[in-house]
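> Next comes structure-v8.txt, compact mmCIF, N, CA and C atoms:
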```
# COMPACT_ATOMS: atom_id res chain seq x y z
N MET A 26 -15.17 15.69 -32.91
CA MET A 26 -14.53 16.41 -31.82
C MET A 26 -13.65 15.42 -31.05
N SER A 27 -12.40 15.76 -30.87
CA SER A 27 -11.52 14.89 -30.10
C SER A 27 -11.40 15.43 -28.68
N LEU A 28 -11.29 14.53 -27.76
CA LEU A 28 -11.16 14.91 -26.36
C LEU A 28 -9.68 14.95 -25.99
N PRO A 29 -9.27 15.90 -25.17
CA PRO A 29 -7.87 15.95 -24.73
C PRO A 29 -7.56 14.74 -23.85
N LEU A 30 -6.34 14.33 -23.87
CA LEU A 30 -5.92 13.18 -23.10
C LEU A 30 -4.98 13.64 -21.99
N CYS A 31 -5.25 13.18 -20.82
CA CYS A 31 -4.39 13.49 -19.68
C CYS A 31 -4.17 12.18 -18.93
N LEU A 32 -2.94 11.81 -18.75
CA LEU A 32 -2.60 10.56 -18.07
C LEU A 32 -1.78 10.90 -16.84
N LEU A 33 -2.24 10.44 -15.68
CA LEU A 33 -1.53 10.68 -14.43
C LEU A 33 -1.06 9.35 -13.86
N PHE A 34 0.17 9.31 -13.43
CA PHE A 34 0.70 8.15 -12.74
C PHE A 34 0.85 8.53 -11.28
N ASP A 35 0.38 7.68 -10.39
CA ASP A 35 0.49 7.97 -8.97
C ASP A 35 1.52 7.06 -8.33
N SER A 36 2.60 7.64 -7.96
CA SER A 36 3.56 6.97 -7.10
C SER A 36 3.18 7.46 -5.71
N ASP A 37 3.02 6.56 -4.77
CA ASP A 37 2.49 6.92 -3.46
C ASP A 37 3.04 8.26 -3.00
N GLY A 38 2.17 9.12 -2.57
CA GLY A 38 2.55 10.45 -2.13
C GLY A 38 2.28 11.52 -3.18
N THR A 39 1.81 11.12 -4.36
CA THR A 39 1.50 12.09 -5.41
C THR A 39 0.03 12.50 -5.34
N LEU A 40 -0.86 11.54 -5.46
CA LEU A 40 -2.30 11.82 -5.38
C LEU A 40 -2.86 11.48 -4.01
N VAL A 41 -2.39 10.39 -3.44
CA VAL A 41 -2.82 9.94 -2.11
C VAL A 41 -1.60 9.44 -1.35
N ASP A 42 -1.75 9.26 -0.06
CA ASP A 42 -0.66 8.70 0.74
C ASP A 42 -1.18 7.46 1.46
N SER A 43 -0.98 6.31 0.85
CA SER A 43 -1.50 5.06 1.40
C SER A 43 -0.45 4.28 2.18
N GLU A 44 0.79 4.73 2.15
CA GLU A 44 1.87 3.93 2.73
C GLU A 44 1.70 3.70 4.24
N ILE A 45 1.24 4.69 4.98
CA ILE A 45 1.06 4.49 6.42
C ILE A 45 -0.05 3.47 6.68
N LEU A 46 -1.09 3.47 5.84
CA LEU A 46 -2.15 2.46 6.00
C LEU A 46 -1.58 1.07 5.74
N LEU A 47 -0.77 0.94 4.70
CA LEU A 47 -0.14 -0.34 4.40
C LEU A 47 0.73 -0.79 5.56
N ALA A 48 1.52 0.11 6.11
CA ALA A 48 2.40 -0.22 7.24
C ALA A 48 1.57 -0.74 8.42
N GLU A 49 0.46 -0.08 8.72
CA GLU A 49 -0.38 -0.50 9.85
C GLU A 49 -1.03 -1.85 9.59
N VAL A 50 -1.53 -2.07 8.37
CA VAL A 50 -2.15 -3.36 8.04
C VAL A 50 -1.11 -4.48 8.15
N MET A 51 0.06 -4.25 7.59
CA MET A 51 1.10 -5.27 7.68
C MET A 51 1.51 -5.52 9.13
N GLY A 52 1.57 -4.46 9.92
CA GLY A 52 1.91 -4.61 11.34
C GLY A 52 0.88 -5.41 12.11
N ASN A 53 -0.35 -5.44 11.62
CA ASN A 53 -1.40 -6.23 12.26
C ASN A 53 -1.45 -7.66 11.74
N ILE A 54 -1.22 -7.84 10.44
CA ILE A 54 -1.40 -9.16 9.82
C ILE A 54 -0.19 -10.07 9.96
N LEU A 55 1.00 -9.57 9.67
CA LEU A 55 2.18 -10.44 9.65
C LEU A 55 2.40 -11.18 10.97
N PRO A 56 2.27 -10.52 12.12
CA PRO A 56 2.47 -11.26 13.38
C PRO A 56 1.48 -12.41 13.57
N THR A 57 0.27 -12.29 13.02
CA THR A 57 -0.69 -13.38 13.18
C THR A 57 -0.28 -14.62 12.39
N PHE A 58 0.68 -14.45 11.47
CA PHE A 58 1.21 -15.57 10.71
C PHE A 58 2.63 -15.93 11.17
N GLY A 59 3.00 -15.49 12.36
CA GLY A 59 4.29 -15.87 12.93
C GLY A 59 5.48 -15.04 12.49
N LEU A 60 5.22 -13.89 11.88
CA LEU A 60 6.32 -13.02 11.44
C LEU A 60 6.26 -11.73 12.26
N PRO A 61 7.11 -11.62 13.30
CA PRO A 61 7.11 -10.40 14.10
C PRO A 61 7.36 -9.18 13.21
N PHE A 62 6.48 -8.18 13.34
CA PHE A 62 6.56 -7.02 12.45
C PHE A 62 5.74 -5.89 13.04
N SER A 63 6.16 -4.66 12.77
CA SER A 63 5.40 -3.49 13.23
C SER A 63 5.35 -2.45 12.13
N ALA A 64 4.37 -1.57 12.23
CA ALA A 64 4.25 -0.47 11.27
C ALA A 64 5.52 0.38 11.29
N ARG A 65 6.04 0.59 12.45
CA ARG A 65 7.28 1.38 12.58
C ARG A 65 8.43 0.71 11.83
N GLN A 66 8.51 -0.61 11.96
CA GLN A 66 9.56 -1.36 11.28
C GLN A 66 9.43 -1.18 9.76
N TYR A 67 8.19 -1.21 9.27
CA TYR A 67 7.98 -0.99 7.84
C TYR A 67 8.53 0.38 7.43
N MET A 68 8.15 1.41 8.15
CA MET A 68 8.52 2.77 7.79
C MET A 68 10.04 3.00 7.90
N GLU A 69 10.69 2.32 8.84
CA GLU A 69 12.13 2.52 9.05
C GLU A 69 13.00 1.61 8.20
N GLU A 70 12.54 0.39 7.95
CA GLU A 70 13.40 -0.61 7.32
C GLU A 70 12.93 -1.07 5.93
N PHE A 71 11.63 -1.06 5.70
CA PHE A 71 11.10 -1.68 4.48
C PHE A 71 10.28 -0.74 3.60
N ARG A 72 10.30 0.52 3.85
CA ARG A 72 9.48 1.46 3.09
C ARG A 72 9.76 1.33 1.59
N GLY A 73 8.69 1.10 0.82
CA GLY A 73 8.81 1.00 -0.62
C GLY A 73 9.23 -0.37 -1.14
N VAL A 74 9.47 -1.32 -0.24
CA VAL A 74 9.91 -2.66 -0.63
C VAL A 74 8.70 -3.53 -0.96
N ARG A 75 8.82 -4.36 -1.98
CA ARG A 75 7.73 -5.26 -2.37
C ARG A 75 7.34 -6.17 -1.21
N PHE A 76 6.05 -6.47 -1.11
CA PHE A 76 5.51 -7.31 -0.04
C PHE A 76 6.23 -8.66 0.03
N ARG A 77 6.37 -9.32 -1.12
CA ARG A 77 7.00 -10.65 -1.12
C ARG A 77 8.44 -10.58 -0.61
N THR A 78 9.15 -9.52 -0.95
CA THR A 78 10.53 -9.35 -0.48
C THR A 78 10.56 -9.17 1.03
N ILE A 79 9.62 -8.42 1.56
CA ILE A 79 9.54 -8.22 3.02
C ILE A 79 9.29 -9.55 3.71
N VAL A 80 8.31 -10.30 3.20
CA VAL A 80 7.97 -11.59 3.80
C VAL A 80 9.15 -12.55 3.72
N ASP A 81 9.82 -12.59 2.58
CA ASP A 81 10.99 -13.47 2.44
C ASP A 81 12.10 -13.08 3.41
N ASN A 82 12.32 -11.78 3.57
CA ASN A 82 13.33 -11.30 4.50
C ASN A 82 12.98 -11.68 5.93
N LEU A 83 11.73 -11.46 6.31
CA LEU A 83 11.29 -11.83 7.66
C LEU A 83 11.34 -13.33 7.85
N GLY A 84 11.03 -14.09 6.79
CA GLY A 84 11.10 -15.54 6.86
C GLY A 84 12.51 -16.03 7.13
N GLU A 85 13.50 -15.37 6.55
CA GLU A 85 14.90 -15.74 6.80
C GLU A 85 15.26 -15.52 8.26
N ARG A 86 14.68 -14.52 8.87
CA ARG A 86 14.96 -14.21 10.27
C ARG A 86 14.16 -15.06 11.26
N ASN A 87 12.92 -15.42 10.86
CA ASN A 87 11.99 -16.02 11.82
C ASN A 87 11.42 -17.36 11.39
N GLY A 88 11.80 -17.86 10.26
CA GLY A 88 11.22 -19.09 9.73
C GLY A 88 10.26 -18.77 8.60
N ALA A 89 10.53 -19.37 7.47
CA ALA A 89 9.75 -19.07 6.26
C ALA A 89 8.35 -19.65 6.33
N LEU A 90 7.42 -19.00 5.64
CA LEU A 90 6.06 -19.49 5.49
C LEU A 90 5.99 -20.39 4.26
N ASP A 91 5.17 -21.43 4.34
CA ASP A 91 4.94 -22.19 3.11
C ASP A 91 4.02 -21.37 2.21
N GLU A 92 3.93 -21.78 0.95
CA GLU A 92 3.18 -20.99 -0.04
C GLU A 92 1.71 -20.84 0.33
N GLU A 93 1.12 -21.87 0.90
CA GLU A 93 -0.30 -21.80 1.29
C GLU A 93 -0.53 -20.72 2.33
N HIS A 94 0.34 -20.67 3.34
CA HIS A 94 0.20 -19.65 4.38
C HIS A 94 0.51 -18.26 3.84
N PHE A 95 1.51 -18.19 2.95
CA PHE A 95 1.80 -16.90 2.33
C PHE A 95 0.59 -16.37 1.58
N LEU A 96 -0.03 -17.22 0.77
CA LEU A 96 -1.19 -16.79 -0.02
C LEU A 96 -2.36 -16.39 0.87
N ALA A 97 -2.58 -17.11 1.96
CA ALA A 97 -3.65 -16.76 2.90
C ALA A 97 -3.36 -15.41 3.55
N MET A 98 -2.11 -15.20 3.93
CA MET A 98 -1.72 -13.95 4.56
C MET A 98 -1.87 -12.79 3.57
N GLU A 99 -1.40 -12.99 2.36
CA GLU A 99 -1.51 -11.94 1.35
C GLU A 99 -2.96 -11.59 1.05
N SER A 100 -3.81 -12.60 0.97
CA SER A 100 -5.23 -12.37 0.71
C SER A 100 -5.86 -11.55 1.84
N GLU A 101 -5.56 -11.91 3.07
CA GLU A 101 -6.10 -11.18 4.22
C GLU A 101 -5.57 -9.76 4.26
N MET A 102 -4.29 -9.59 3.96
CA MET A 102 -3.71 -8.26 3.95
C MET A 102 -4.37 -7.38 2.89
N ARG A 103 -4.57 -7.93 1.69
CA ARG A 103 -5.20 -7.16 0.63
C ARG A 103 -6.65 -6.79 0.99
N ARG A 104 -7.35 -7.73 1.61
CA ARG A 104 -8.74 -7.47 2.03
C ARG A 104 -8.79 -6.31 3.02
N LEU A 105 -7.93 -6.38 4.02
CA LEU A 105 -7.92 -5.32 5.04
C LEU A 105 -7.42 -4.00 4.48
N MET A 106 -6.46 -4.06 3.57
CA MET A 106 -5.95 -2.83 2.97
C MET A 106 -7.04 -2.14 2.15
N GLU A 107 -7.78 -2.92 1.38
CA GLU A 107 -8.87 -2.33 0.60
C GLU A 107 -9.91 -1.70 1.53
N GLN A 108 -10.23 -2.40 2.61
CA GLN A 108 -11.21 -1.89 3.58
C GLN A 108 -10.72 -0.57 4.18
N ARG A 109 -9.46 -0.52 4.59
CA ARG A 109 -8.91 0.70 5.18
C ARG A 109 -8.85 1.83 4.15
N MET A 110 -8.46 1.51 2.93
CA MET A 110 -8.36 2.55 1.90
C MET A 110 -9.74 3.14 1.61
N ARG A 111 -10.76 2.29 1.51
CA ARG A 111 -12.11 2.79 1.25
C ARG A 111 -12.59 3.70 2.38
N ALA A 112 -12.22 3.38 3.61
CA ALA A 112 -12.70 4.13 4.77
C ALA A 112 -11.85 5.36 5.11
N GLU A 113 -10.54 5.30 4.82
CA GLU A 113 -9.65 6.31 5.39
C GLU A 113 -8.78 7.08 4.40
N LEU A 114 -8.64 6.61 3.20
CA LEU A 114 -7.70 7.23 2.27
C LEU A 114 -8.17 8.62 1.86
N LEU A 115 -7.28 9.57 1.93
CA LEU A 115 -7.59 10.95 1.58
C LEU A 115 -6.60 11.44 0.54
N PRO A 116 -7.02 12.38 -0.31
CA PRO A 116 -6.10 12.92 -1.29
C PRO A 116 -5.04 13.81 -0.61
N ILE A 117 -3.89 13.90 -1.24
CA ILE A 117 -2.85 14.82 -0.80
C ILE A 117 -3.42 16.24 -0.90
N ASP A 118 -3.08 17.10 0.05
CA ASP A 118 -3.57 18.48 0.04
C ASP A 118 -3.34 19.13 -1.32
N GLY A 119 -4.37 19.76 -1.84
CA GLY A 119 -4.28 20.48 -3.09
C GLY A 119 -4.57 19.66 -4.33
N ILE A 120 -4.61 18.33 -4.21
CA ILE A 120 -4.83 17.48 -5.39
C ILE A 120 -6.22 17.67 -6.00
N PRO A 121 -7.30 17.69 -5.21
CA PRO A 121 -8.61 17.89 -5.85
C PRO A 121 -8.67 19.18 -6.68
N GLU A 122 -8.08 20.25 -6.15
CA GLU A 122 -8.08 21.52 -6.87
C GLU A 122 -7.22 21.43 -8.14
N ALA A 123 -6.08 20.76 -8.04
CA ALA A 123 -5.20 20.61 -9.20
C ALA A 123 -5.87 19.79 -10.29
N LEU A 124 -6.55 18.72 -9.91
CA LEU A 124 -7.25 17.90 -10.90
C LEU A 124 -8.40 18.67 -11.54
N ALA A 125 -9.10 19.47 -10.73
CA ALA A 125 -10.18 20.29 -11.28
C ALA A 125 -9.62 21.31 -12.27
N TRP A 126 -8.47 21.91 -11.94
CA TRP A 126 -7.84 22.87 -12.83
C TRP A 126 -7.43 22.21 -14.14
N ILE A 127 -6.81 21.02 -14.04
CA ILE A 127 -6.40 20.28 -15.25
C ILE A 127 -7.63 19.96 -16.10
N SER A 128 -8.68 19.49 -15.46
CA SER A 128 -9.89 19.14 -16.18
C SER A 128 -10.49 20.36 -16.88
N HIS A 129 -10.53 21.48 -16.17
CA HIS A 129 -11.10 22.71 -16.74
C HIS A 129 -10.24 23.24 -17.88
N SER A 130 -8.91 23.25 -17.68
CA SER A 130 -8.03 23.83 -18.69
C SER A 130 -7.94 22.96 -19.95
N THR A 131 -8.14 21.65 -19.82
CA THR A 131 -8.09 20.78 -21.01
C THR A 131 -9.42 20.74 -21.73
N SER A 132 -10.50 21.14 -21.06
CA SER A 132 -11.81 21.10 -21.71
C SER A 132 -12.17 22.44 -22.36
N ALA A 133 -11.37 23.43 -22.09
CA ALA A 133 -11.67 24.77 -22.65
C ALA A 133 -11.19 24.91 -24.07
```
What is this file in C-alpha cells?

Amino acid sequence: MSLPLCLLFDSDGTLVDSEILLAEVMGNILPTFGLPFSARQYMEEFRGVRFRTIVDNLGERNGALDEEHFLAMESEMRRLMEQRMRAELLPIDGIPEALAWISHSTSA
C-alpha cells in the first residue's frame, strides 16, 4: 500500500504569520547591540529582507558590528524568536481545517 504524498511550502503568511513576532524580537535585540531599530521600522523598511542584510544596512548607518558581536546578537535573536514562536505563534485562520480536509481527502 502506498501512501499519498502532500508537500506544503510555507512562505510567511500561508500557514502561520511569524513576521510580526520577528519584527518585535529584532526591535528588542538590535538596539542592545548598538543598532537603533524598531518593529515598525522592520515592517515599513525591511519586511522580508534577510537578517544579515538588515544588520549590514544598519551597520552602514550606525557603525558595523564585528563578527563576534554579530554572532552573539544572532544567537540571542534566534533564542528569543524560538521562545516567542513556541508561546505565541498561531495558524492562519482556516489552516487547521484545510489541513484536516487535505489529510482526509488524501487518505480516502
> Could you tell me how far atom CA of A:Glu101 sits from atom N of A:Leu46, in Å to one decimal place?
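Atom-to-atom, atom N of A:Leu46 to atom CA of A:Glu101, that is 15.6 Å.
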> For stretch 114-130 of chain A, find every residue with an atom within 7 Å (counting all atoms listed in the file), except residues of its own chain fewer than 3 positions away, and show them as a PyMOL selection string.
chain A and resi 38-43+109-111+133
> Output N, CA and C atoms for every residue in that selection, as a PDB file, keeping the file's coordinate frame.

```
ATOM      1  N   GLY A  38       2.170   9.120  -2.570  1.00  0.00           N
ATOM      2  CA  GLY A  38       2.550  10.450  -2.130  1.00  0.00           C
ATOM      3  C   GLY A  38       2.280  11.520  -3.180  1.00  0.00           C
ATOM      4  N   THR A  39       1.810  11.120  -4.360  1.00  0.00           N
ATOM      5  CA  THR A  39       1.500  12.090  -5.410  1.00  0.00           C
ATOM      6  C   THR A  39       0.030  12.500  -5.340  1.00  0.00           C
ATOM      7  N   LEU A  40      -0.860  11.540  -5.460  1.00  0.00           N
ATOM      8  CA  LEU A  40      -2.300  11.820  -5.380  1.00  0.00           C
ATOM      9  C   LEU A  40      -2.860  11.480  -4.010  1.00  0.00           C
ATOM     10  N   VAL A  41      -2.390  10.390  -3.440  1.00  0.00           N
ATOM     11  CA  VAL A  41      -2.820   9.940  -2.110  1.00  0.00           C
ATOM     12  C   VAL A  41      -1.600   9.440  -1.350  1.00  0.00           C
ATOM     13  N   ASP A  42      -1.750   9.260  -0.060  1.00  0.00           N
ATOM     14  CA  ASP A  42      -0.660   8.700   0.740  1.00  0.00           C
ATOM     15  C   ASP A  42      -1.180   7.460   1.460  1.00  0.00           C
ATOM     16  N   SER A  43      -0.980   6.310   0.850  1.00  0.00           N
ATOM     17  CA  SER A  43      -1.500   5.060   1.400  1.00  0.00           C
ATOM     18  C   SER A  43      -0.450   4.280   2.180  1.00  0.00           C
ATOM     19  N   ARG A 109      -9.460  -0.520   4.590  1.00  0.00           N
ATOM     20  CA  ARG A 109      -8.910   0.700   5.180  1.00  0.00           C
ATOM     21  C   ARG A 109      -8.850   1.830   4.150  1.00  0.00           C
ATOM     22  N   MET A 110      -8.460   1.510   2.930  1.00  0.00           N
ATOM     23  CA  MET A 110      -8.360   2.550   1.900  1.00  0.00           C
ATOM     24  C   MET A 110      -9.740   3.140   1.610  1.00  0.00           C
ATOM     25  N   ARG A 111     -10.760   2.290   1.510  1.00  0.00           N
ATOM     26  CA  ARG A 111     -12.110   2.790   1.250  1.00  0.00           C
ATOM     27  C   ARG A 111     -12.590   3.700   2.380  1.00  0.00           C
ATOM     28  N   ALA A 133     -11.370  23.430 -22.090  1.00  0.00           N
ATOM     29  CA  ALA A 133     -11.670  24.770 -22.650  1.00  0.00           C
ATOM     30  C   ALA A 133     -11.190  24.910 -24.070  1.00  0.00           C
TER      31      ALA A 133
END
```
> Could you state the separation of atom N of A:Tyr67 and atom CA of A:Ala112 in Å, given to one decimal place?
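We find that atom N of A:Tyr67 and atom CA of A:Ala112 lie 22.0 Å from each other.
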> Interatomic distance between atom C of A:Val80 and atom C of A:His94?
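Atom-to-atom, atom C of A:Val80 and atom C of A:His94 are spaced 10.4 Å apart.
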> Please, which residues of chain A, numbered as in this document, come out alpha helix (DSSP H) from DSSP, as a VMD selection string?
chain A and resid 44 to 54 64 to 66 76 to 87 92 to 113 120 to 132
> Excluding A:Glu49 and residues on its chain fewer than 4 positions from it, collect all residues at most 7 Å away from it, counting all atoms listed in the file, and give them as a ChimeraX atom specification.
/A:44-45,53-54,63-65
> Go ahead and dump the residues you just picked, N, CA and C atoms, as a PDB file, in the coordinates of the input.

```pdb
ATOM      1  N   GLU A  44       0.790   4.730   2.150  1.00  0.00           N
ATOM      2  CA  GLU A  44       1.870   3.930   2.730  1.00  0.00           C
ATOM      3  C   GLU A  44       1.700   3.700   4.240  1.00  0.00           C
ATOM      4  N   ILE A  45       1.240   4.690   4.980  1.00  0.00           N
ATOM      5  CA  ILE A  45       1.060   4.490   6.420  1.00  0.00           C
ATOM      6  C   ILE A  45      -0.050   3.470   6.680  1.00  0.00           C
ATOM      7  N   ASN A  53      -0.350  -5.440  11.620  1.00  0.00           N
ATOM      8  CA  ASN A  53      -1.400  -6.230  12.260  1.00  0.00           C
ATOM      9  C   ASN A  53      -1.450  -7.660  11.740  1.00  0.00           C
ATOM     10  N   ILE A  54      -1.220  -7.840  10.440  1.00  0.00           N
ATOM     11  CA  ILE A  54      -1.400  -9.160   9.820  1.00  0.00           C
ATOM     12  C   ILE A  54      -0.190 -10.070   9.960  1.00  0.00           C
ATOM     13  N   SER A  63       6.160  -4.660  12.770  1.00  0.00           N
ATOM     14  CA  SER A  63       5.400  -3.490  13.230  1.00  0.00           C
ATOM     15  C   SER A  63       5.350  -2.450  12.130  1.00  0.00           C
ATOM     16  N   ALA A  64       4.370  -1.570  12.230  1.00  0.00           N
ATOM     17  CA  ALA A  64       4.250  -0.470  11.270  1.00  0.00           C
ATOM     18  C   ALA A  64       5.520   0.380  11.290  1.00  0.00           C
ATOM     19  N   ARG A  65       6.040   0.590  12.450  1.00  0.00           N
ATOM     20  CA  ARG A  65       7.280   1.380  12.580  1.00  0.00           C
ATOM     21  C   ARG A  65       8.430   0.710  11.830  1.00  0.00           C
TER      22      ARG A  65
END
```
> Would you mind completing stretch 59-69 of chain A so that it carries all heavy atoms, and writing it out as an mmCIF file, in the frame of the given file?

```
data_model
loop_
_atom_site.group_PDB
_atom_site.id
_atom_site.type_symbol
_atom_site.label_atom_id
_atom_site.label_comp_id
_atom_site.auth_asym_id
_atom_site.auth_seq_id
_atom_site.Cartn_x
_atom_site.Cartn_y
_atom_site.Cartn_z
ATOM 1 N N GLY A 59 3.000 -15.490 12.360
ATOM 2 C CA GLY A 59 4.290 -15.870 12.930
ATOM 3 C C GLY A 59 5.480 -15.040 12.490
ATOM 4 O O GLY A 59 6.621 -15.432 12.729
ATOM 5 N N LEU A 60 5.220 -13.890 11.880
ATOM 6 C CA LEU A 60 6.320 -13.020 11.440
ATOM 7 C C LEU A 60 6.260 -11.730 12.260
ATOM 8 O O LEU A 60 5.451 -10.846 11.987
ATOM 9 C CB LEU A 60 6.201 -12.700 9.953
ATOM 10 C CG LEU A 60 6.301 -13.892 9.000
ATOM 11 C CD1 LEU A 60 6.024 -13.452 7.568
ATOM 12 C CD2 LEU A 60 7.654 -14.572 9.112
ATOM 13 N N PRO A 61 7.110 -11.620 13.300
ATOM 14 C CA PRO A 61 7.110 -10.400 14.100
ATOM 15 C C PRO A 61 7.360 -9.180 13.210
ATOM 16 O O PRO A 61 8.287 -9.161 12.398
ATOM 17 C CB PRO A 61 8.288 -10.607 15.062
ATOM 18 C CG PRO A 61 8.499 -12.097 15.095
ATOM 19 C CD PRO A 61 8.114 -12.591 13.729
ATOM 20 N N PHE A 62 6.480 -8.180 13.340
ATOM 21 C CA PHE A 62 6.560 -7.020 12.450
ATOM 22 C C PHE A 62 5.740 -5.890 13.040
ATOM 23 O O PHE A 62 4.732 -6.125 13.686
ATOM 24 C CB PHE A 62 6.013 -7.396 11.067
ATOM 25 C CG PHE A 62 6.340 -6.411 9.992
ATOM 26 C CD1 PHE A 62 7.608 -6.344 9.451
ATOM 27 C CD2 PHE A 62 5.373 -5.543 9.516
ATOM 28 C CE1 PHE A 62 7.913 -5.439 8.442
ATOM 29 C CE2 PHE A 62 5.657 -4.633 8.513
ATOM 30 C CZ PHE A 62 6.937 -4.585 7.967
ATOM 31 N N SER A 63 6.160 -4.660 12.770
ATOM 32 C CA SER A 63 5.400 -3.490 13.230
ATOM 33 C C SER A 63 5.350 -2.450 12.130
ATOM 34 O O SER A 63 6.185 -2.442 11.218
ATOM 35 C CB SER A 63 6.065 -2.878 14.470
ATOM 36 O OG SER A 63 7.316 -2.299 14.109
ATOM 37 N N ALA A 64 4.370 -1.570 12.230
ATOM 38 C CA ALA A 64 4.250 -0.470 11.270
ATOM 39 C C ALA A 64 5.520 0.380 11.290
ATOM 40 O O ALA A 64 6.013 0.801 10.244
ATOM 41 C CB ALA A 64 3.024 0.386 11.588
ATOM 42 N N ARG A 65 6.040 0.590 12.450
ATOM 43 C CA ARG A 65 7.280 1.380 12.580
ATOM 44 C C ARG A 65 8.430 0.710 11.830
ATOM 45 O O ARG A 65 9.222 1.370 11.159
ATOM 46 C CB ARG A 65 7.631 1.570 14.041
ATOM 47 C CG ARG A 65 8.867 2.372 14.241
ATOM 48 C CD ARG A 65 9.210 2.523 15.707
ATOM 49 N NE ARG A 65 10.069 3.673 15.826
ATOM 50 C CZ ARG A 65 10.138 4.431 16.868
ATOM 51 N NH1 ARG A 65 9.391 4.184 17.918
ATOM 52 N NH2 ARG A 65 10.954 5.450 16.896
ATOM 53 N N GLN A 66 8.510 -0.610 11.960
ATOM 54 C CA GLN A 66 9.560 -1.360 11.280
ATOM 55 C C GLN A 66 9.430 -1.180 9.760
ATOM 56 O O GLN A 66 10.421 -1.023 9.053
ATOM 57 C CB GLN A 66 9.490 -2.837 11.655
ATOM 58 C CG GLN A 66 10.599 -3.684 11.097
ATOM 59 C CD GLN A 66 10.496 -5.123 11.555
ATOM 60 O OE1 GLN A 66 9.543 -5.526 12.224
ATOM 61 N NE2 GLN A 66 11.482 -5.907 11.196
ATOM 62 N N TYR A 67 8.190 -1.210 9.270
ATOM 63 C CA TYR A 67 7.980 -0.990 7.840
ATOM 64 C C TYR A 67 8.530 0.380 7.430
ATOM 65 O O TYR A 67 9.278 0.503 6.461
ATOM 66 C CB TYR A 67 6.498 -1.092 7.463
ATOM 67 C CG TYR A 67 6.264 -0.731 6.011
ATOM 68 C CD1 TYR A 67 6.402 -1.690 5.030
ATOM 69 C CD2 TYR A 67 5.950 0.567 5.646
ATOM 70 C CE1 TYR A 67 6.223 -1.355 3.686
ATOM 71 C CE2 TYR A 67 5.774 0.908 4.317
ATOM 72 C CZ TYR A 67 5.913 -0.054 3.339
ATOM 73 O OH TYR A 67 5.756 0.284 2.021
ATOM 74 N N MET A 68 8.150 1.410 8.150
ATOM 75 C CA MET A 68 8.520 2.770 7.790
ATOM 76 C C MET A 68 10.040 3.000 7.900
ATOM 77 O O MET A 68 10.611 3.759 7.135
ATOM 78 C CB MET A 68 7.769 3.783 8.657
ATOM 79 C CG MET A 68 6.244 3.731 8.477
ATOM 80 S SD MET A 68 5.660 3.937 6.782
ATOM 81 C CE MET A 68 5.782 5.709 6.620
ATOM 82 N N GLU A 69 10.690 2.320 8.840
ATOM 83 C CA GLU A 69 12.130 2.520 9.050
ATOM 84 C C GLU A 69 13.000 1.610 8.200
ATOM 85 O O GLU A 69 14.098 1.999 7.807
ATOM 86 C CB GLU A 69 12.469 2.341 10.521
ATOM 87 C CG GLU A 69 11.896 3.433 11.400
ATOM 88 C CD GLU A 69 12.139 3.203 12.879
ATOM 89 O OE1 GLU A 69 12.704 2.146 13.260
ATOM 90 O OE2 GLU A 69 11.748 4.083 13.668
#
```
